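Text of coords.cif (mmCIF, C-alpha atoms) as supplied:
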```cif
data_work
#
loop_
_atom_site.group_PDB
_atom_site.id
_atom_site.type_symbol
_atom_site.label_atom_id
_atom_site.label_comp_id
_atom_site.auth_asym_id
_atom_site.auth_seq_id
_atom_site.Cartn_x
_atom_site.Cartn_y
_atom_site.Cartn_z
ATOM 1 C CA MET V 1 -12.233 -29.486 -37.217
ATOM 2 C CA GLY V 2 -15.970 -29.154 -36.709
ATOM 3 C CA HIS V 3 -18.068 -26.298 -38.047
ATOM 4 C CA LYS V 4 -18.428 -24.763 -34.573
ATOM 5 C CA ASP V 5 -14.658 -24.820 -33.977
ATOM 6 C CA TYR V 6 -13.999 -23.219 -37.360
ATOM 7 C CA THR V 7 -16.627 -20.519 -36.722
ATOM 8 C CA ASN V 8 -15.169 -19.703 -33.301
ATOM 9 C CA ARG V 9 -11.664 -19.577 -34.773
ATOM 10 C CA MET V 10 -12.819 -17.212 -37.525
ATOM 11 C CA LYS V 11 -14.555 -14.978 -34.956
ATOM 12 C CA GLY V 12 -11.277 -14.767 -33.043
ATOM 13 C CA ALA V 13 -9.362 -13.912 -36.219
ATOM 14 C CA SER V 14 -11.962 -11.290 -37.116
ATOM 15 C CA ASN V 15 -11.787 -9.729 -33.639
ATOM 16 C CA ASN V 16 -8.005 -9.716 -33.813
ATOM 17 C CA LEU V 17 -8.070 -8.035 -37.221
ATOM 18 C CA ALA V 18 -10.508 -5.423 -35.898
ATOM 19 C CA GLY V 19 -8.149 -4.808 -32.967
ATOM 20 C CA VAL V 20 -5.172 -4.424 -35.291
ATOM 21 C CA MET V 21 -7.091 -2.000 -37.521
ATOM 22 C CA GLU V 22 -8.073 -0.031 -34.410
ATOM 23 C CA PHE V 23 -4.425 0.243 -33.411
ATOM 24 C CA ILE V 24 -3.334 1.201 -36.935
ATOM 25 C CA ASP V 25 -5.861 4.056 -36.820
ATOM 26 C CA PHE V 26 -4.728 4.941 -33.287
ATOM 27 C CA TYR V 27 -1.103 5.178 -34.400
ATOM 28 C CA LYS V 28 -2.033 7.387 -37.358
ATOM 29 C CA ALA V 29 -3.889 9.722 -34.982
ATOM 30 C CA VAL V 30 -0.888 10.077 -32.662
ATOM 31 C CA GLY V 31 1.689 10.442 -35.426
ATOM 32 C CA GLY V 32 3.106 6.955 -35.077
ATOM 33 C CA ASP V 33 3.664 3.898 -37.220
ATOM 34 C CA TYR V 34 1.994 0.701 -36.006
ATOM 35 C CA ASN V 35 4.023 -1.532 -38.338
ATOM 36 C CA GLU V 36 7.310 -0.124 -37.045
ATOM 37 C CA VAL V 37 6.214 -0.660 -33.435
ATOM 38 C CA MET V 38 5.078 -4.191 -34.326
ATOM 39 C CA ARG V 39 8.528 -4.938 -35.798
ATOM 40 C CA ARG V 40 10.109 -3.837 -32.528
ATOM 41 C CA LEU V 41 7.675 -5.308 -29.973
ATOM 42 C CA GLN V 42 6.542 -8.275 -32.138
ATOM 43 C CA SER V 43 3.174 -8.825 -30.479
ATOM 44 C CA ASP V 44 -0.244 -7.186 -30.723
ATOM 45 C CA ALA V 45 -0.886 -8.238 -27.135
ATOM 46 C CA ILE V 46 2.275 -6.530 -25.882
ATOM 47 C CA ILE V 47 1.512 -3.358 -27.835
ATOM 48 C CA ARG V 48 -2.054 -3.269 -26.508
ATOM 49 C CA LYS V 49 -0.925 -3.977 -22.941
ATOM 50 C CA TYR V 50 1.631 -1.163 -22.807
ATOM 51 C CA VAL V 51 -0.343 1.375 -24.831
ATOM 52 C CA LEU V 52 -3.302 0.972 -22.478
ATOM 53 C CA ARG V 53 -0.993 1.289 -19.449
ATOM 54 C CA PHE V 54 0.701 4.421 -20.774
ATOM 55 C CA PRO V 55 -1.586 6.956 -19.023
ATOM 56 C CA SER V 56 -0.692 5.434 -15.640
ATOM 57 C CA ASP V 57 3.048 5.971 -16.175
ATOM 58 C CA PRO V 58 4.176 8.662 -13.694
ATOM 59 C CA SER V 59 6.680 10.463 -15.960
ATOM 60 C CA TYR V 60 4.310 13.138 -17.252
ATOM 61 C CA ASP V 61 2.867 13.910 -13.801
ATOM 62 C CA GLU V 62 6.363 13.991 -12.314
ATOM 63 C CA LEU V 63 7.398 16.465 -15.007
ATOM 64 C CA GLY V 64 4.549 18.771 -13.972
ATOM 65 C CA LYS V 65 5.430 18.458 -10.290
ATOM 66 C CA ALA V 66 9.107 19.152 -10.977
ATOM 67 C CA ARG V 67 8.197 22.208 -13.003
ATOM 68 C CA LYS V 68 5.980 23.594 -10.226
ATOM 69 C CA ALA V 69 8.738 22.935 -7.674
ATOM 70 C CA ASP V 70 11.404 24.551 -9.910
ATOM 71 C CA ASP V 71 13.358 21.283 -9.731
ATOM 72 C CA ILE V 72 15.359 21.240 -12.966
ATOM 73 C CA GLU V 73 17.039 17.899 -12.241
ATOM 74 C CA ALA V 74 13.729 16.136 -11.624
ATOM 75 C CA ALA V 75 12.226 17.820 -14.697
ATOM 76 C CA PHE V 76 15.128 16.601 -16.826
ATOM 77 C CA LEU V 77 14.802 13.023 -15.555
ATOM 78 C CA SER V 78 11.025 13.001 -16.056
ATOM 79 C CA ALA V 79 11.255 14.461 -19.572
ATOM 80 C CA HIS V 80 13.966 11.929 -20.426
ATOM 81 C CA SER V 81 11.829 9.030 -19.149
ATOM 82 C CA LEU V 82 8.793 10.287 -21.044
ATOM 83 C CA LYS V 83 10.868 10.607 -24.218
ATOM 84 C CA GLY V 84 12.104 7.023 -23.960
ATOM 85 C CA LEU V 85 8.711 5.514 -23.228
ATOM 86 C CA ALA V 86 7.018 7.519 -25.984
ATOM 87 C CA ALA V 87 9.684 6.486 -28.494
ATOM 88 C CA THR V 88 9.451 2.817 -27.492
ATOM 89 C CA LEU V 89 5.671 2.830 -27.935
ATOM 90 C CA GLY V 90 5.884 4.716 -31.224
ATOM 91 C CA PHE V 91 4.310 7.977 -30.050
ATOM 92 C CA TYR V 92 6.725 9.925 -32.232
ATOM 93 C CA GLN V 93 5.187 13.389 -31.896
ATOM 94 C CA LEU V 94 5.297 13.095 -28.122
ATOM 95 C CA ALA V 95 8.775 11.576 -28.243
ATOM 96 C CA ALA V 96 10.032 14.480 -30.386
ATOM 97 C CA ALA V 97 8.482 17.086 -28.093
ATOM 98 C CA ALA V 98 9.894 15.355 -24.998
ATOM 99 C CA ALA V 99 13.312 15.034 -26.677
ATOM 100 C CA ALA V 100 13.425 18.773 -27.418
ATOM 101 C CA LEU V 101 12.495 19.503 -23.794
ATOM 102 C CA THR V 102 15.029 16.980 -22.512
ATOM 103 C CA GLU V 103 17.840 18.565 -24.504
ATOM 104 C CA ALA V 104 16.851 22.063 -23.372
ATOM 105 C CA LEU V 105 16.915 20.847 -19.749
ATOM 106 C CA ARG V 106 20.154 18.876 -20.129
ATOM 107 C CA PRO V 107 22.474 21.702 -18.964
ATOM 108 C CA ARG V 108 20.347 21.868 -15.785
ATOM 109 C CA THR V 109 20.884 25.616 -15.482
ATOM 110 C CA ALA V 110 17.421 27.062 -16.161
ATOM 111 C CA PHE V 111 13.989 26.063 -17.322
ATOM 112 C CA PRO V 112 13.599 26.416 -21.088
ATOM 113 C CA ALA V 113 10.995 28.371 -23.015
ATOM 114 C CA GLU V 114 7.355 27.697 -22.201
ATOM 115 C CA LYS V 115 6.681 26.561 -25.774
ATOM 116 C CA LEU V 116 8.657 23.363 -25.153
ATOM 117 C CA PHE V 117 6.407 22.437 -22.239
ATOM 118 C CA VAL V 118 3.315 23.373 -24.259
ATOM 119 C CA ALA V 119 4.440 21.055 -27.084
ATOM 120 C CA VAL V 120 4.825 18.155 -24.624
ATOM 121 C CA ASP V 121 1.460 18.935 -23.013
ATOM 122 C CA SER V 122 -0.279 19.030 -26.392
ATOM 123 C CA ALA V 123 1.279 15.810 -27.709
ATOM 124 C CA TYR V 124 0.640 14.009 -24.411
ATOM 125 C CA ALA V 125 -3.007 15.117 -24.381
ATOM 126 C CA GLN V 126 -3.465 13.797 -27.930
ATOM 127 C CA VAL V 127 -2.017 10.384 -27.041
ATOM 128 C CA VAL V 128 -4.121 10.050 -23.891
ATOM 129 C CA LYS V 129 -7.260 11.167 -25.753
ATOM 130 C CA GLN V 130 -6.700 8.519 -28.423
ATOM 131 C CA ILE V 131 -5.982 5.840 -25.824
ATOM 132 C CA ALA V 132 -9.270 6.681 -24.108
ATOM 133 C CA ALA V 133 -11.043 6.269 -27.449
ATOM 134 C CA ILE V 134 -9.672 2.756 -28.030
ATOM 135 C CA SER V 135 -10.116 1.548 -24.461
ATOM 136 C CA ARG V 136 -13.916 1.980 -24.452
#
```

For the structure just supplied, provide its representation as structure tokens.
Amino acid sequence: MGHKDYTNRMKGASNNLAGVMEFIDFYKAVGGDYNEVMRRLQSDAIIRKYVLRFPSDPSYDELGKARKADDIEAAFLSAHSLKGLAATLGFYQLAAAAAALTEALRPRTAFPAEKLFVAVDSAYAQVVKQIAAISR
């Protein structure tokens, strides 16, 4: 291997390490565990791909629309989807908030206390804010 090849390879390794450190810090900020997510998804590229796509997932927006329309069934399904996606990506604070909302909506008889929606809104905002910070 020539000097130039070695240097380029080391630059790639350095950039990859910087990206991993960025994601470790990201996961700390959103109450997650990068290493646990890595064990499950097994690829930095896959983690990066789906974390950066997370804000475009419709579940959170659909939850808001269902709430405004007083559609308990749609709210339940949206909260459940958000819970699953958040858990898969290791956004544990958001997953916990969405799980509490999901369980409160499960009977499909009435909308639960406002504080459950506020907890989801807050956790979601934190995740999206941190994603924006790493995608610059």

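Minimum atom-to-atom distance to Ala29 in chain V, evaluated using all atoms listed in the file, belongs to V:Leu94 out of V:Leu94, V:Ala69, V:Leu77, V:Leu85.
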
(message) Since I can't run it myself right now, could you work out what the PyMOL selection byres ((chain V and resi 110) around 12) selects here and report it as a VMD selection string?
(response) chain V and resid 67 70 to 73 75 to 76 101 103 to 109 111 to 114

(request) Evaluate the PyMOL selection byres ((chain V and resi 120) around 9) and record the selected residues as a PyMOL selection string, following the chain and residue labels used in the document. (result) chain V and resi 60+79+93-98+101+115-119+121-125

(request) Between CA of Ile134 in chain V and CA of Leu52 in chain V, measure the distance and give it in Å to one decimal. (result) 8.6 Å

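Using all atoms listed in the file, the smallest distance between any of V:Met38, V:Ala66, V:Ala86, V:Ala45 and Val128 in chain V comes from V:Ala86.
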
How big is the axis-aligned box around all listed atoms of range 53-56 of chain V once 4 Å goes on each side, and where's its centre, in Å to one decimal, as AutoDock Vina command-line options?
```
--center_x -0.4 --center_y 4.1 --center_z -18.2 --size_x 10.3 --size_y 13.7 --size_z 13.1
```

So which residues fall inside 12 Å of (-5.8, 8.9, -27.2) if we count all atoms listed in the file? Mind giving them as a PDB file with C-alpha atoms, in the coordinates of the input?
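Done, and the output landed in selection.pdb:
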```pdb
ATOM      1  CA  GLU V  22      -8.073  -0.031 -34.410  1.00  0.00           C
ATOM      2  CA  PHE V  23      -4.425   0.243 -33.411  1.00  0.00           C
ATOM      3  CA  ASP V  25      -5.861   4.056 -36.820  1.00  0.00           C
ATOM      4  CA  PHE V  26      -4.728   4.941 -33.287  1.00  0.00           C
ATOM      5  CA  TYR V  27      -1.103   5.178 -34.400  1.00  0.00           C
ATOM      6  CA  LYS V  28      -2.033   7.387 -37.358  1.00  0.00           C
ATOM      7  CA  ALA V  29      -3.889   9.722 -34.982  1.00  0.00           C
ATOM      8  CA  VAL V  30      -0.888  10.077 -32.662  1.00  0.00           C
ATOM      9  CA  GLY V  31       1.689  10.442 -35.426  1.00  0.00           C
ATOM     10  CA  VAL V  51      -0.343   1.375 -24.831  1.00  0.00           C
ATOM     11  CA  LEU V  52      -3.302   0.972 -22.478  1.00  0.00           C
ATOM     12  CA  ARG V  53      -0.993   1.289 -19.449  1.00  0.00           C
ATOM     13  CA  PHE V  54       0.701   4.421 -20.774  1.00  0.00           C
ATOM     14  CA  PRO V  55      -1.586   6.956 -19.023  1.00  0.00           C
ATOM     15  CA  PHE V  91       4.310   7.977 -30.050  1.00  0.00           C
ATOM     16  CA  LEU V  94       5.297  13.095 -28.122  1.00  0.00           C
ATOM     17  CA  SER V 122      -0.279  19.030 -26.392  1.00  0.00           C
ATOM     18  CA  ALA V 123       1.279  15.810 -27.709  1.00  0.00           C
ATOM     19  CA  TYR V 124       0.640  14.009 -24.411  1.00  0.00           C
ATOM     20  CA  ALA V 125      -3.007  15.117 -24.381  1.00  0.00           C
ATOM     21  CA  GLN V 126      -3.465  13.797 -27.930  1.00  0.00           C
ATOM     22  CA  VAL V 127      -2.017  10.384 -27.041  1.00  0.00           C
ATOM     23  CA  VAL V 128      -4.121  10.050 -23.891  1.00  0.00           C
ATOM     24  CA  LYS V 129      -7.260  11.167 -25.753  1.00  0.00           C
ATOM     25  CA  GLN V 130      -6.700   8.519 -28.423  1.00  0.00           C
ATOM     26  CA  ILE V 131      -5.982   5.840 -25.824  1.00  0.00           C
ATOM     27  CA  ALA V 132      -9.270   6.681 -24.108  1.00  0.00           C
ATOM     28  CA  ALA V 133     -11.043   6.269 -27.449  1.00  0.00           C
ATOM     29  CA  ILE V 134      -9.672   2.756 -28.030  1.00  0.00           C
ATOM     30  CA  SER V 135     -10.116   1.548 -24.461  1.00  0.00           C
ATOM     31  CA  ARG V 136     -13.916   1.980 -24.452  1.00  0.00           C
TER      32      ARG V 136
END
```

(request) With a distance cut-off of 8 Å and only C-alpha atoms, select the neighbouring residues of Ser78 in chain V, excluding the residue or stretch itself and same-chain residues fewer than 5 positions from it, and output the selection as an MDAnalysis selection string. (result) chainID V and resid 59:60 62:63

For C-alpha atoms, I'd like the residues from the last selection saved as an mmCIF file, keeping the file's coordinate frame.
```cif
data_model
loop_
_atom_site.group_PDB
_atom_site.id
_atom_site.type_symbol
_atom_site.label_atom_id
_atom_site.label_comp_id
_atom_site.auth_asym_id
_atom_site.auth_seq_id
_atom_site.Cartn_x
_atom_site.Cartn_y
_atom_site.Cartn_z
ATOM 1 C CA SER V 59 6.680 10.463 -15.960
ATOM 2 C CA TYR V 60 4.310 13.138 -17.252
ATOM 3 C CA GLU V 62 6.363 13.991 -12.314
ATOM 4 C CA LEU V 63 7.398 16.465 -15.007
#
```

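Here CA of Ser56 in chain V stands at a distance of 21.9 Å from CA of Ile24 in chain V.
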
(request) Find the distance between CA of Gly32 in chain V and CA of Val20 in chain V and write it in Å to one decimal. (result) 14.1 Å
